[in-house]
Amino acid sequence: MKKRVAIIGVLLSLGFLAFSTYEKPGFKKSDQDPRNIEQKIDSVLALMTLDEKIGQMVQYNGSWDVTGPATGTDNEKKLENLKNGLVGSMLNVTSVEHTRQAQKIVMENSRLKIPLIFGYDVIHGYQTMFPVPLGESASWDLELMEKTARVAGRETAAAGVHWTFAPMMDISRDARWGRIMEGAGEDPYLNSKIAVARIKGFQGNDLSDPKTIAACAKHFAGYGFAEGGRDYNTVNIGIYELNNTILPPFKAAADAGVATFMNSFNEIDGVPATASTYLQRDLLKGKWHWDGFVVSDWGSITELIPHGVAKDKKAAAELAVKAGSDMDMEGGAYESSLKELVEEGKVAEKLIDDAVKRILRVKFRLGLFDDPYKYCDEAFEKSELYSEANQEVALEAGKKSIVLLKNENDILPIKNSIKNIAVIGPLANDKDSPLGNWRAHAVENSAVSVLEGIRNYAPKGVKITYAEGAKLSTGDRSFLNPMTFNKDDKSGFAEAEKLAKQADLVVLVVGEDAFQTGEGRSQTNIGFAGVQDDLIETVQKANKNVVMVLMNGRPMDLSWSSKNIPAIVESWFLGSQHGNAVAEILFGKYNPSGKLPVSFPQNSGMEPLYYNQKSTGRPEGGAQVTYSHYTDSPREALYPFGFGLSFTEFEYGDIELSADSFSEGEKIEASISVKNTGNMVGEETVQLYLHDLVGSITRPNLELKAFEKISLKPGERKVVNFIIDKEMITYFTINKKWEAEAGDFEVMIGGNSVDLKKANFEFK
């Protein structure tokens, strides 16, 4: 009896018993004092049974209608576990109605009434869709990316969800990998900056604000280096590649206070990431002193069995919990095996306690212990989702993400003399593909198509004609269905050819279906699927005045198009306002400023491809063939990292250094003047790269270390200044630690990774 009274006293002091009476959100300010939160965590933990602790480490998929009966044995068991407080989180439960009902099950039935945390994959928007992450990364606009993440977070919070499984910060060097669309490309520095911007957008300055959500740094680590670009595949890298290339964005995320991490499906050098003590305990929770919790990827704990490192769920649970995986996403390993492992002495209960503390810490920071229904605001849900203000942000993000790859004879922007425009292509009037994959709660066919955008922006008196030309995909299109393509039907070619011949200008919209990129969407061929190659050639023969608008989620093989099409606009999948954003570029309402976050290859056989390669022992061969190259293709990218044209021109001066050397505690300033020599206001991303000429391990020929986006009026000149210090030249050396080595360096500044001004300095 005394124990029961003590428990009730603690519960009252924490406000738990009031939860069952909550009907309306209180939205009171949560006490975010870390010391008080830690005291409360310890108090809650002291009340928990082992079963309840393990329950916090379990995440269920919302596989049934929580507002209705839980039909089926599995769902009935899930419902019973929710009532008994044996579940810590749910994913794919969305909307105020559904999250409220699921939360009520726990709050009105469980002993300790510890609130659930609801998670969802909000990758580039909840209902308002923004450009897919790779596309938006082409903006190189950190303020913009923080803004779009903030809007996505607000819409997510409005739908009753607390937590997104984003941003993805896997370095991606292989365009064959379908999930390249989810990240920020091939460079560690750019990925790091973008990851922090998106985390700030989602989380804001205070996680207890009911208009913010918890972010998740994923996938930890090495997922983007899968062999052959094949999803879920083996990763073989060394300790130096891991630290210098893959880990920097994750370290930046941890330093930025990201609430959660997600481990990855892949193995690294024989150890699956989900079972990696080095990654999760030694590095993330140890050396980096990060205090959030790690969630597995979907079923990745039980996938330790087919990996061949665990014989059954029990062995998988033991490996994962010892390695530092705190929450089991739909794996069933923790709920079935952890208690037995603890009772057998194979897993120390202190490991369970550590995981539960981390999970409770995030829930306290979200303010869920103050009010478990604080995200259940129907009025906010109604006003926020797909609002006019959010559409304005989507349009801004769309046009800033577009990259102008080619503009021969200044065919763009479209001239006033053009009176007849033929819009052709299987994606031209597509209102669904612009939404991209990983589209959360986007409404099907809700995007503005390119055809609609052109009609919206075309000057009065301009005739717009349209022909689909050919269908791209056939069959059912969805996240899980395999893609099928039209490989034979060219019946629409004749109409397309006819309209092309009659037009002053053709806008040819081709590329990929929305579900051609994303999870499980790896390809060996990154060219145009279906009959698009033949359609492109047919249209080009009918009219040489062609603007190709690409819609895609990965770098594509543009070898023929680059030689034969005069203008190429890389539009990615831009989201809800796709067509309007493209039209603003085409008609010169906005001057394109995007820069590629990934290298575009000469052909598919060059993949993986990236700009920051190393010299090798045989970088050049003169007239001989025995050096590092291809005999059937150039080795350089068709369109390099950082590349992007404008409707104006920018002239770079020479680099000026404040000194030609510096030592510990000192720094030097690198300055360069940039002038707009054209006739239109334009934005330019000035990029600084370094080359460590001699290191204790081999070093890349150049590495992005800083950038600044500036706007210049016609004739205007600006001086851009960069600070070079010890931190900028520090890397993971032969000594297996982060340090700066004395020696000579080359600094390079320009508008992309190829066209660069150069200077030299020394670190003593």
# chains A, B, ... in the order shown; residues from 1 in each chain; ligands from 1
>>> select_by_dssp(residues="range 418-666 of chain A", states="alpha helix (DSSP H)", output="PyMOL selection string")
chain A and resi 450-457+493-502+532-542+559-564+578-586
>>> residues_around(residues="Glu703 in chain A", least_positions_apart="6", cutoff="8 Å", atoms="only C-alpha atoms", output="number ranges by chain")
A: 612, 689-691
>>> closest_residue(among="A:Lys541, A:Arg176, A:Lys498, A:His307", to="Gly527 in chain A", atoms="only C-alpha atoms")
A:Arg176
>>> residues_around(residues="Met48 in chain A", least_positions_apart="6", cutoff="12 Å", atoms="only C-alpha atoms", output="PDB file with C-alpha atoms, in the first residue's frame")
ATOM      1  CA  ILE A   7       3.812   5.969  -6.957  1.00  0.00           C
ATOM      2  CA  LEU A  11       2.678  10.712 -10.730  1.00  0.00           C
ATOM      3  CA  ILE A  41      13.360  11.141 -16.465  1.00  0.00           C
ATOM      4  CA  ASP A  42      14.957   9.437 -13.475  1.00  0.00           C
ATOM      5  CA  ILE A  54      11.124  -2.480 -23.082  1.00  0.00           C
ATOM      6  CA  GLY A  55       7.778  -1.204 -24.315  1.00  0.00           C
ATOM      7  CA  GLN A  56       9.244   2.277 -24.743  1.00  0.00           C
ATOM      8  CA  GLY A  85       1.829   0.790 -21.862  1.00  0.00           C
ATOM      9  CA  LEU A  86       4.077  -1.599 -23.762  1.00  0.00           C
ATOM     10  CA  SER A 110      -1.927   2.278 -19.237  1.00  0.00           C
ATOM     11  CA  ARG A 111      -0.524   2.301 -15.715  1.00  0.00           C
ATOM     12  CA  LEU A 112       2.036   5.092 -16.046  1.00  0.00           C
ATOM     13  CA  LYS A 113       0.402   6.966 -18.919  1.00  0.00           C
ATOM     14  CA  ILE A 114       3.649   7.677 -20.773  1.00  0.00           C
ATOM     15  CA  ILE A 352      17.759  -0.887 -21.318  1.00  0.00           C
ATOM     16  CA  ASP A 353      17.688   2.022 -18.870  1.00  0.00           C
ATOM     17  CA  VAL A 356      14.597   4.374 -22.234  1.00  0.00           C
ATOM     18  CA  LYS A 357      16.131   7.526 -20.758  1.00  0.00           C
ATOM     19  CA  LEU A 360      11.863   9.765 -22.527  1.00  0.00           C
TER      20      LEU A 360
END
>>> atom_distance(atom1="CA of Leu284 in chain A", atom2="CA of Val598 in chain A")
27.5 Å
>>> atom_distance(atom1="CA of Val509 in chain A", atom2="CA of Ser433 in chain A")
11.8 Å
